[in-house]
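Asker: Sharing a structure with you now.
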Amino acid sequence: MIDQAWLIPTLPLAGAAVNLFLGRRLGKWAGWLSTILVAAGFGLGVLVLADLLSLPGEERVHAVRLFEWIGSGGFALDATVRVDPLSMTMTLVVTGVGALIHWYAVGYMEHDPRYGRFFAYFNLFVFFMLMLVLADNYLVLYLGWEGVGLCSYLLIGFWYERPAAASAAKKAFVTTRIGDAAMMLGVVLIWVHAGSLDFDAVLGEGAGGLSQGVATAISLLLLAGAVGKSAQVPLHVWLPDAMEGPTPVSALIHAATMVTAGVYLVVRSHVLFEASEVALAVVLVIGLVSAIYAALASIGQWDIKRALAYSTMSQIGFMFFAVGMRFYAGAMLLLVCHAFYKALLFLTSGNVLHGLDDETDLRRMGGLRGQMPISATLFAIGALSLAGIPPLAGFFAKDHIVSVASQSGRDLAWVLASVGAFLSALYIARPLFLAFFGAGRNPGRAHEAPWRMNAPLALLASGAVAAGGVLGLSAEGGRLERFLEPVGGVLEPGHGGLPEATLIAVSVMLAVLAVAVAWWIWASGRVDWEAFPQRQPELAGWLASAFYVNALYSWLVQVPGKGFGRALTAVDDRVIDGAVNEVAEDVGRASRLAPLIQSGFVRSYALAFLLGAAALLLFLGLRF
Amino acid sequence: MRTPISYFLIVSAMLFAIGTVGVLVRKNALIIFMSVELQLNAVNLALVSFSRMHGNLDGQVLAFFSMVVAAAEVVVGLAIIVNVYRRRQSASVDDVSVLRG
């Protein structure tokens, strides 16, 4: 089956083509077609995985060459599908969670006039994402990377009639473009210094030949791309705005898959990052800062989807943090678990939006658990899983990362990560209590989503419950950890820090405490949380605006940019257009002189001919 | 005895002069047109005379060309004159001076 792995991305590509050209005719079948193709991709992925598991550990890295893509002098590049534990982990997440979100979207998008086009874009996204994770060289990876950026743009701006959606789409595209440009430079540097773009050549023996400075430059440029795509500080500003897209888009692209591509890139290129002294430290710091920053910002949001968006940023911050500690398997475990529970949280909030006629403000929800019991239960499962309550998935994933910080002797990082974990539990319990508990603050009556929308959610919920235990827990190291060994290597077990039992106890206590605090503030009715912005306008403002980063960027970029634009307009109007207009006017003036020698009398012209001819003859006659 | 070439050339020059004066002094487009034809035929006569003098047919062939072109020109010119006459009820060439640039 491994040789047929190329079929996995081909199926959604075919779906995208069919939906693009025949979407209108297919009607309701467009969504089912897309869903079935992605699910078929998942089925193939499972078969490939079974083949991979039947091989011994060291033989699990395969590169299936399809055809030569570019051959130009010394530069040769093949279209190759890379089948190894890391790419298969990503493939199964993308197709598995992707298929469930497609299924949900069939119901969610049912009344949209551009139903077929939505699924065309959705399938195209899955194709590019699979191309990204199955690539065997940096250029194909970059192609997939740009492709998912394009689909992200198209889907954020899917309801382009709304100005907010159109400008959010542009913002996402431009912001990630900054990172992508840096990443392109990184890829060029790899070619210049390693002489190849193939993973085996660059990350195998090639990485040893790179000097310290080159390795650092390449790693940091690739990291800039990853930071842009994964919405980490300082290129994170696009993600909260991206919530203008339809909710399934937020779940698939801006929570489960595309935004984790940055983590995948760093894990995939970890050899380069390890060859540099500073790169991994930078990854660690960016991850930790993003995790805490976004957690604080999430607490200040009133829009349920924006709160979840900051939560995604924070969780990816934890993944970067893990990568920065060389704990690649931990980052991947959190990536998989996060895909389940964050997709679940987004889609349940989609149920709430549907039930309340697109109301996204948490202040106008409350007490929905009576009207939407299934959604409330599912949201609670996702939230508690994220909060790290054992034995749900998030506990295994996050707890392991936080523990490794202590065991590897990074005490300060451990303290900060614990603070981040506490804040995570707090910010995710907040929408749970605000939306589903307490007093009802919405005058209308909400309705529960139909079963065909809740069925995929139930499957996601089972993942959010069990994924951590199944993948993260077993006798020697986690299952996923051992599976990823051929790619990520083994993490040296640290010996410092607190004993494991203490670490687990601390994390569980923090998580439970945070949920309890959240209940006390937002659900018990004993705290007047609605008055908080009036009592603490400063603090509330900092949290709600995510520390005024948007305002800062606007001041740093927009103001000088507009000034520069005005200066250019002046130059254009006065110098460039001025010169052209002046020339045109001069020609006009000159042409008004010409008619003076024209009388319109034919006979005077004839006389002029005659005199001219006579003069010519005279001249010739005198010469000869 | 052969008629000297100069006789033919004198006739040709006289015809050309009459035609030129006609073009310059007359106002009526039709008369001017006839005068132009006179000039053309004066030239044709000169061409044929030189052809005879040199004893080859080059000049005569050229005269035929000139006749064909003149015929074509007459077609176009007469059409213009007829149109101008229909519009302005006169064939005076000074009237069309409104076409100046």
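Here's how to read the names in the structure tokens: chain A, B, ... by the order shown, residue numbers from 1 in each chain, ligand numbers from 1 in the order shown.
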Mind running chain A against chain B at 12 Å and telling me each contacting residue's nearest atom pair with the distance in Å (one decimal), counting only C-alpha atoms, chain and number ascending, as CSV?
Answerer:
residue,atom,partner,partner_atom,distance
A:Ser591,CA,B:Gly101,CA,10.2
A:Arg592,CA,B:Gly101,CA,9.5
A:Leu593,CA,B:Gly101,CA,10.5
A:Ala594,CA,B:Gly101,CA,8.2
A:Pro595,CA,B:Gly101,CA,5.3
A:Leu596,CA,B:Gly101,CA,8.6
A:Ile597,CA,B:Gly101,CA,9.3
A:Gln598,CA,B:Arg100,CA,6.1
A:Ser599,CA,B:Arg100,CA,6.1
A:Gly600,CA,B:Ser97,CA,3.8
A:Phe601,CA,B:Ser97,CA,5.1
A:Val602,CA,B:Val93,CA,6.6
A:Arg603,CA,B:Leu24,CA,5.5
A:Ser604,CA,B:Leu24,CA,7.6
A:Tyr605,CA,B:Leu24,CA,9.4
A:Ala606,CA,B:Leu24,CA,6.8
A:Leu607,CA,B:Leu24,CA,6.6
A:Ala608,CA,B:Leu24,CA,10.3
A:Phe609,CA,B:Thr20,CA,10.7
A:Leu610,CA,B:Thr20,CA,8.3
A:Leu611,CA,B:Thr20,CA,11.4
Asker: Output C-alpha atoms for every residue in that selection, as a compact mmCIF listing (two decimals), in the first residue's frame.
Answerer:
# COMPACT_ATOMS: atom_id res chain seq x y z
CA SER A 591 -0.73 71.71 -33.43
CA ARG A 592 -2.82 74.87 -33.21
CA LEU A 593 -0.09 76.63 -35.22
CA ALA A 594 -0.24 74.22 -38.16
CA PRO A 595 -3.72 75.21 -39.49
CA LEU A 596 -2.47 78.76 -40.10
CA ILE A 597 -0.72 77.68 -43.32
CA GLN A 598 -3.83 75.88 -44.57
CA SER A 599 -6.37 78.00 -46.41
CA GLY A 600 -8.61 75.28 -47.80
CA PHE A 601 -8.41 76.83 -51.29
CA VAL A 602 -7.44 73.99 -53.62
CA ARG A 603 -6.14 76.29 -56.31
CA SER A 604 -3.63 77.98 -54.04
CA TYR A 605 -2.32 74.50 -53.23
CA ALA A 606 -2.05 73.80 -56.92
CA LEU A 607 -0.11 77.01 -57.41
CA ALA A 608 2.23 76.01 -54.64
CA PHE A 609 2.74 72.64 -56.42
CA LEU A 610 3.50 74.42 -59.63
CA LEU A 611 5.98 76.81 -58.09
Asker: Any chance you could list, as a VMD selection string, the residues in region 300-426 of chain A that come up alpha helix (DSSP H) when DSSP is run on the backbone?
Answerer: chain A and resid 304 to 324 328 to 355 373 to 387 393 to 407 411 to 426
Asker: With a distance cut-off of 7 Å and only C-alpha atoms, select the neighbouring residues of Lys171 (chain A), excluding the residue or stretch itself and same-chain residues fewer than 4 positions from it, and output the selection as a ChimeraX atom specification.
Answerer: /A:167,175,238
Asker: Could you please take those selected residues and save C-alpha atoms as a PDB file, in the first residue's frame?
Answerer:
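part-v8.pdb, written as the output of this step:
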ATOM      1  CA  SER A 167     -10.466  42.509   5.175  1.00  0.00           C
ATOM      2  CA  THR A 175       0.582  38.689   7.615  1.00  0.00           C
ATOM      3  CA  TRP A 238      -4.379  37.495  11.755  1.00  0.00           C
TER       4      TRP A 238
END
Asker: Residues within 9 Å of Ser250 (chain A), please, as a PyMOL selection string. Count only C-alpha atoms; anything in the same chain fewer than 2 positions from it doesn't count.
Answerer: chain A and resi 156+242-248+252-256+305+309+343+346-347
Asker: Print the selection's residues with N, CA and C atoms to a file, as a PDB file, in the first residue's frame.
Answerer:
ATOM      1  N   ILE A 156     -11.562  32.239   4.594  1.00  0.00           N
ATOM      2  CA  ILE A 156     -11.844  33.311   5.568  1.00  0.00           C
ATOM      3  C   ILE A 156     -12.759  34.325   4.902  1.00  0.00           C
ATOM      4  N   ALA A 242      -9.419  35.938  11.635  1.00  0.00           N
ATOM      5  CA  ALA A 242      -9.774  34.883  10.675  1.00  0.00           C
ATOM      6  C   ALA A 242     -11.066  34.185  11.068  1.00  0.00           C
ATOM      7  N   MET A 243     -11.552  34.430  12.284  1.00  0.00           N
ATOM      8  CA  MET A 243     -12.789  33.788  12.728  1.00  0.00           C
ATOM      9  C   MET A 243     -14.008  34.305  11.975  1.00  0.00           C
ATOM     10  N   GLU A 244     -13.809  35.289  11.081  1.00  0.00           N
ATOM     11  CA  GLU A 244     -14.904  35.754  10.224  1.00  0.00           C
ATOM     12  C   GLU A 244     -15.349  34.681   9.247  1.00  0.00           C
ATOM     13  N   GLY A 245     -14.511  33.685   9.021  1.00  0.00           N
ATOM     14  CA  GLY A 245     -14.878  32.603   8.104  1.00  0.00           C
ATOM     15  C   GLY A 245     -15.958  31.727   8.716  1.00  0.00           C
ATOM     16  N   PRO A 246     -16.565  30.854   7.894  1.00  0.00           N
ATOM     17  CA  PRO A 246     -17.546  29.909   8.436  1.00  0.00           C
ATOM     18  C   PRO A 246     -16.907  29.042   9.516  1.00  0.00           C
ATOM     19  N   THR A 247     -17.698  28.599  10.491  1.00  0.00           N
ATOM     20  CA  THR A 247     -17.139  27.870  11.631  1.00  0.00           C
ATOM     21  C   THR A 247     -16.394  26.591  11.247  1.00  0.00           C
ATOM     22  N   PRO A 248     -16.883  25.783  10.288  1.00  0.00           N
ATOM     23  CA  PRO A 248     -16.086  24.599   9.925  1.00  0.00           C
ATOM     24  C   PRO A 248     -14.687  24.973   9.437  1.00  0.00           C
ATOM     25  N   LEU A 252     -11.314  23.456  10.903  1.00  0.00           N
ATOM     26  CA  LEU A 252     -10.378  22.648  10.114  1.00  0.00           C
ATOM     27  C   LEU A 252      -9.057  23.376   9.903  1.00  0.00           C
ATOM     28  N   ILE A 253      -9.140  24.633   9.425  1.00  0.00           N
ATOM     29  CA  ILE A 253      -7.919  25.308   9.002  1.00  0.00           C
ATOM     30  C   ILE A 253      -7.269  26.035  10.159  1.00  0.00           C
ATOM     31  N   HIS A 254      -8.087  26.750  10.940  1.00  0.00           N
ATOM     32  CA  HIS A 254      -7.503  27.637  11.941  1.00  0.00           C
ATOM     33  C   HIS A 254      -7.492  27.021  13.320  1.00  0.00           C
ATOM     34  N   ALA A 255      -7.627  25.693  13.401  1.00  0.00           N
ATOM     35  CA  ALA A 255      -7.475  25.044  14.698  1.00  0.00           C
ATOM     36  C   ALA A 255      -6.782  23.699  14.540  1.00  0.00           C
ATOM     37  N   ALA A 256      -7.349  22.825  13.675  1.00  0.00           N
ATOM     38  CA  ALA A 256      -6.862  21.450  13.671  1.00  0.00           C
ATOM     39  C   ALA A 256      -5.641  21.255  12.786  1.00  0.00           C
ATOM     40  N   LYS A 305     -15.843  32.713  19.375  1.00  0.00           N
ATOM     41  CA  LYS A 305     -14.873  32.183  18.418  1.00  0.00           C
ATOM     42  C   LYS A 305     -13.511  32.831  18.573  1.00  0.00           C
ATOM     43  N   ALA A 309      -9.980  31.175  19.271  1.00  0.00           N
ATOM     44  CA  ALA A 309      -8.829  31.427  18.404  1.00  0.00           C
ATOM     45  C   ALA A 309      -7.585  31.707  19.240  1.00  0.00           C
ATOM     46  N   ALA A 343     -11.175  21.080  17.347  1.00  0.00           N
ATOM     47  CA  ALA A 343     -12.211  20.959  16.309  1.00  0.00           C
ATOM     48  C   ALA A 343     -13.567  20.771  16.972  1.00  0.00           C
ATOM     49  N   PHE A 346     -14.767  24.128  18.432  1.00  0.00           N
ATOM     50  CA  PHE A 346     -15.215  25.062  17.393  1.00  0.00           C
ATOM     51  C   PHE A 346     -16.560  24.638  16.829  1.00  0.00           C
ATOM     52  N   LEU A 347     -16.693  23.346  16.532  1.00  0.00           N
ATOM     53  CA  LEU A 347     -17.934  22.901  15.903  1.00  0.00           C
ATOM     54  C   LEU A 347     -19.101  23.000  16.880  1.00  0.00           C
TER      55      LEU A 347
END
Asker: So that each row is one residue of region 305-332 of chain A with an atom at most 12 Å from region 371-393 of chain A, can you give its shortest atom pair and the distance in Å to one decimal, using only C-alpha atoms, rows by chain and rising number, as a Markdown table?
Answerer:
| residue | atom | partner | partner_atom | distance |
| --- | --- | --- | --- | --- |
| A:Leu308 | CA | A:Ala383 | CA | 10.3 |
| A:Ser311 | CA | A:Leu386 | CA | 9.4 |
| A:Thr312 | CA | A:Leu386 | CA | 10.3 |
| A:Ser314 | CA | A:Leu386 | CA | 11.0 |
| A:Gln315 | CA | A:Leu386 | CA | 8.8 |
| A:Phe318 | CA | A:Leu386 | CA | 11.9 |
Asker: As a PyMOL selection string, please: the residues near Gly394 (chain A) (cut-off 12 Å, only C-alpha atoms, same-chain neighbours under 2 positions excluded).
Answerer: chain A and resi 315+318+330-331+333-342+381-392+396-402+421+424-425+461+463-469+471-472+507-508+511
Asker: Export N, CA and C atoms of the chosen residues as a CSV table (one decimal), in the first residue's frame?
Answerer:
chain,number,residue,atom,x,y,z
A,315,GLN,N,-2.3,27.0,22.6
A,315,GLN,CA,-2.0,25.6,22.5
A,315,GLN,C,-0.8,25.4,21.6
A,318,PHE,N,2.3,26.0,23.2
A,318,PHE,CA,2.8,24.9,24.0
A,318,PHE,C,3.5,23.9,23.1
A,330,GLY,N,6.3,14.8,22.1
A,330,GLY,CA,5.3,15.5,22.9
A,330,GLY,C,4.5,16.6,22.1
A,331,ALA,N,5.3,17.3,21.3
A,331,ALA,CA,4.6,18.3,20.5
A,331,ALA,C,3.6,17.6,19.5
A,333,LEU,N,2.1,14.8,20.0
A,333,LEU,CA,1.0,14.2,20.7
A,333,LEU,C,0.0,15.4,21.0
A,334,LEU,N,0.5,16.5,21.4
A,334,LEU,CA,-0.4,17.6,21.7
A,334,LEU,C,-1.1,18.1,20.4
A,335,LEU,N,-0.4,18.0,19.3
A,335,LEU,CA,-1.0,18.4,18.0
A,335,LEU,C,-2.2,17.5,17.7
A,336,VAL,N,-2.0,16.2,17.9
A,336,VAL,CA,-3.1,15.3,17.6
A,336,VAL,C,-4.3,15.5,18.5
A,337,CYS,N,-4.0,15.6,19.8
A,337,CYS,CA,-5.1,15.7,20.8
A,337,CYS,C,-5.8,17.0,20.6
A,338,HIS,N,-4.9,18.1,20.3
A,338,HIS,CA,-5.5,19.4,20.1
A,338,HIS,C,-6.4,19.4,18.9
A,339,ALA,N,-6.0,18.7,17.8
A,339,ALA,CA,-6.9,18.6,16.6
A,339,ALA,C,-8.3,18.1,17.0
A,340,PHE,N,-8.3,17.1,17.9
A,340,PHE,CA,-9.6,16.6,18.3
A,340,PHE,C,-10.4,17.5,19.1
A,341,TYR,N,-9.8,18.0,20.2
A,341,TYR,CA,-10.7,18.8,21.1
A,341,TYR,C,-10.9,20.2,20.6
A,342,LYS,N,-10.0,20.8,19.8
A,342,LYS,CA,-10.3,22.1,19.4
A,342,LYS,C,-11.3,22.1,18.2
A,381,ILE,N,-16.9,18.3,27.3
A,381,ILE,CA,-15.8,17.3,27.1
A,381,ILE,C,-14.6,17.9,26.5
A,382,GLY,N,-14.8,18.7,25.4
A,382,GLY,CA,-13.7,19.4,24.8
A,382,GLY,C,-12.9,20.3,25.7
A,383,ALA,N,-13.7,21.1,26.5
A,383,ALA,CA,-13.1,22.1,27.4
A,383,ALA,C,-12.3,21.4,28.5
A,384,LEU,N,-12.9,20.4,29.1
A,384,LEU,CA,-12.2,19.7,30.1
A,384,LEU,C,-10.9,19.0,29.6
A,385,SER,N,-11.0,18.5,28.4
A,385,SER,CA,-9.9,17.8,27.8
A,385,SER,C,-8.8,18.8,27.6
A,386,LEU,N,-9.1,20.0,27.1
A,386,LEU,CA,-8.1,21.1,26.9
A,386,LEU,C,-7.5,21.5,28.3
A,387,ALA,N,-8.4,21.6,29.3
A,387,ALA,CA,-8.0,22.1,30.6
A,387,ALA,C,-7.0,21.1,31.2
A,388,GLY,N,-7.0,19.9,30.7
A,388,GLY,CA,-6.0,18.9,31.3
A,388,GLY,C,-6.5,18.2,32.5
A,389,ILE,N,-7.8,17.9,32.5
A,389,ILE,CA,-8.4,17.1,33.6
A,389,ILE,C,-8.2,15.6,33.2
A,390,PRO,N,-7.6,14.9,34.0
A,390,PRO,CA,-7.4,13.4,33.7
A,390,PRO,C,-8.7,12.7,33.8
A,391,PRO,N,-8.9,11.7,33.0
A,391,PRO,CA,-8.0,11.1,32.1
A,391,PRO,C,-8.2,11.5,30.6
A,392,LEU,N,-8.7,12.7,30.4
A,392,LEU,CA,-9.0,13.1,29.0
A,392,LEU,C,-7.7,13.4,28.3
A,396,PHE,N,-2.8,14.1,29.1
A,396,PHE,CA,-1.6,13.4,28.8
A,396,PHE,C,-0.7,14.3,28.0
A,397,ALA,N,-1.3,15.0,27.0
A,397,ALA,CA,-0.4,15.7,26.1
A,397,ALA,C,0.3,16.9,26.8
A,398,LYS,N,-0.5,17.7,27.5
A,398,LYS,CA,0.1,18.9,28.1
A,398,LYS,C,0.9,18.6,29.3
A,399,ASP,N,0.4,17.7,30.1
A,399,ASP,CA,1.1,17.4,31.3
A,399,ASP,C,2.5,16.9,31.0
A,400,HIS,N,2.6,16.1,30.0
A,400,HIS,CA,3.9,15.5,29.6
A,400,HIS,C,4.9,16.6,29.3
A,401,ILE,N,4.4,17.6,28.5
A,401,ILE,CA,5.3,18.7,28.1
A,401,ILE,C,5.7,19.5,29.3
A,402,VAL,N,4.8,19.8,30.2
A,402,VAL,CA,5.1,20.6,31.3
A,402,VAL,C,6.1,19.8,32.2
A,421,ALA,N,-0.6,26.7,31.8
A,421,ALA,CA,-1.5,25.6,31.9
A,421,ALA,C,-2.7,26.0,32.7
A,424,SER,N,-4.8,28.3,30.8
A,424,SER,CA,-5.5,27.6,29.7
A,424,SER,C,-6.8,27.0,30.3
A,425,ALA,N,-6.7,26.4,31.4
A,425,ALA,CA,-7.9,25.8,32.0
A,425,ALA,C,-8.9,26.9,32.4
A,461,ALA,N,-15.4,13.9,19.9
A,461,ALA,CA,-15.4,13.9,21.4
A,461,ALA,C,-14.8,12.6,21.9
A,463,GLY,N,-12.5,11.0,20.4
A,463,GLY,CA,-11.0,11.3,20.2
A,463,GLY,C,-10.5,12.2,21.3
A,464,ALA,N,-11.3,13.2,21.7
A,464,ALA,CA,-10.8,14.1,22.7
A,464,ALA,C,-10.7,13.5,24.0
A,465,VAL,N,-11.5,12.4,24.2
A,465,VAL,CA,-11.4,11.7,25.5
A,465,VAL,C,-10.2,10.7,25.5
A,466,ALA,N,-10.2,9.9,24.4
A,466,ALA,CA,-9.3,8.7,24.4
A,466,ALA,C,-7.9,8.9,23.8
A,467,ALA,N,-7.8,9.9,22.8
A,467,ALA,CA,-6.6,10.0,22.1
A,467,ALA,C,-5.3,10.0,23.0
A,468,GLY,N,-5.4,10.8,24.0
A,468,GLY,CA,-4.3,11.0,24.9
A,468,GLY,C,-3.9,9.7,25.5
A,469,GLY,N,-4.8,8.9,26.1
A,469,GLY,CA,-4.5,7.7,26.7
A,469,GLY,C,-4.0,6.6,25.7
A,471,LEU,N,-2.6,7.1,22.7
A,471,LEU,CA,-1.3,7.4,22.0
A,471,LEU,C,-0.2,7.7,23.0
A,472,GLY,N,-0.6,8.3,24.2
A,472,GLY,CA,0.4,8.8,25.1
A,472,GLY,C,0.8,7.9,26.2
A,507,SER,N,0.1,19.6,38.3
A,507,SER,CA,-0.7,20.0,37.1
A,507,SER,C,-2.2,19.7,37.3
A,508,VAL,N,-2.5,18.5,37.8
A,508,VAL,CA,-3.9,18.2,38.0
A,508,VAL,C,-4.6,19.2,39.0
A,511,ALA,N,-5.2,22.5,37.2
A,511,ALA,CA,-6.3,22.4,36.3
A,511,ALA,C,-7.6,22.5,37.0
Asker: Would you list the contacts of Ile10 (chain B) as a short mmCIF file (atom, residue, chain, number, x, y, z; two decimals) with N, CA and C atoms, in the first residue's frame, taking every protein, DNA or RNA residue within 12 Å and counting only C-alpha atoms, but skipping same-chain residues closer than 3 positions in sequence?
Answerer:
data_model
loop_
_atom_site.label_atom_id
_atom_site.label_comp_id
_atom_site.auth_asym_id
_atom_site.auth_seq_id
_atom_site.Cartn_x
_atom_site.Cartn_y
_atom_site.Cartn_z
N PRO B 4 9.86 66.34 -87.12
CA PRO B 4 10.85 66.46 -86.01
C PRO B 4 10.17 66.31 -84.64
N ILE B 5 10.86 65.78 -83.73
CA ILE B 5 10.34 65.53 -82.38
C ILE B 5 9.92 66.81 -81.70
N SER B 6 10.63 67.91 -82.02
CA SER B 6 10.35 69.17 -81.33
C SER B 6 8.91 69.62 -81.56
N TYR B 7 8.31 69.34 -82.73
CA TYR B 7 6.92 69.72 -82.98
C TYR B 7 5.99 69.11 -81.93
N ALA B 13 3.85 70.86 -74.69
CA ALA B 13 4.08 71.94 -73.73
C ALA B 13 2.93 72.91 -73.75
N MET B 14 2.40 73.23 -74.97
CA MET B 14 1.28 74.16 -75.04
C MET B 14 0.06 73.58 -74.32
N LEU B 15 -0.23 72.32 -74.59
CA LEU B 15 -1.37 71.67 -73.91
C LEU B 15 -1.20 71.74 -72.39
N PHE B 16 0.02 71.44 -71.92
CA PHE B 16 0.28 71.43 -70.49
C PHE B 16 0.07 72.81 -69.90
N ALA B 17 0.57 73.84 -70.62
CA ALA B 17 0.42 75.21 -70.13
C ALA B 17 -1.04 75.59 -70.05
N ALA B 42 -1.14 65.89 -72.10
CA ALA B 42 0.07 66.54 -72.59
C ALA B 42 1.28 65.68 -72.25
N VAL B 43 1.29 65.18 -71.05
CA VAL B 43 2.40 64.33 -70.64
C VAL B 43 2.41 63.04 -71.44
N LEU B 45 1.38 62.60 -74.41
CA LEU B 45 1.88 62.91 -75.75
C LEU B 45 3.40 62.97 -75.75
N ALA B 46 3.96 63.64 -74.72
CA ALA B 46 5.42 63.72 -74.62
C ALA B 46 6.02 62.33 -74.50
N SER B 49 5.96 60.57 -77.79
CA SER B 49 6.94 61.18 -78.70
C SER B 49 8.33 60.66 -78.40
#
Asker: I'd like to know which of A:Arg306, A:Lys170, A:Arg452, A:Arg445 is closest to Tyr104 (chain A), using only C-alpha atoms.
Answerer: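 Comparing A:Arg306, A:Lys170, A:Arg452, A:Arg445 against Tyr104 (chain A), the winner is A:Arg452.
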Asker: Can you list, as a PDB file with C-alpha atoms, in the first residue's frame, every protein, DNA or RNA residue that comes within 9 Å of Ser211 (chain A) when you count only C-alpha atoms, leaving out same-chain residues fewer than 4 positions away?
Answerer:
ATOM      1  CA  ALA A 207      23.237  19.017   7.926  1.00  0.00           C
ATOM      2  CA  ALA A 215      22.353  26.621  10.241  1.00  0.00           C
ATOM      3  CA  THR A 216      21.131  29.451  12.473  1.00  0.00           C
ATOM      4  CA  ALA A 275      22.737  22.210  14.318  1.00  0.00           C
ATOM      5  CA  SER A 276      22.345  25.789  15.485  1.00  0.00           C
TER       6      SER A 276
END
Asker: So how far away is CA of Phe320 (chain A) from CA of Ser230 (chain A), in Å?
Answerer: 9.6 Å
Asker: Expressed in Å to a single decimal, how great is the separation between CA of Leu124 (chain A) and CA of Pro12 (chain A)?
Answerer: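 Spanning CA of Leu124 (chain A) to CA of Pro12 (chain A) is a straight-line distance of 6.5 Å.
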Asker: To one decimal place, how far is CA of Ser408 (chain A) from CA of Val93 (chain A) in Å?
Answerer: 29.1 Å
Asker: For Trp191 (chain A), which residue among A:Val559, A:Ile218, A:Val282, A:Leu296 is the nearest when counting only C-alpha atoms?
Answerer: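 Of A:Val559, A:Ile218, A:Val282, A:Leu296, the one nearest Trp191 (chain A), counting only C-alpha atoms, is A:Ile218.
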Asker: Compare B:His54, B:Phe33, B:Leu62, B:Gln89 by their minimum atom-to-atom distance to Val75 (chain B), counting only C-alpha atoms, and give me the closest one.
Answerer: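 Closest residue, counting only C-alpha atoms: B:Phe33.
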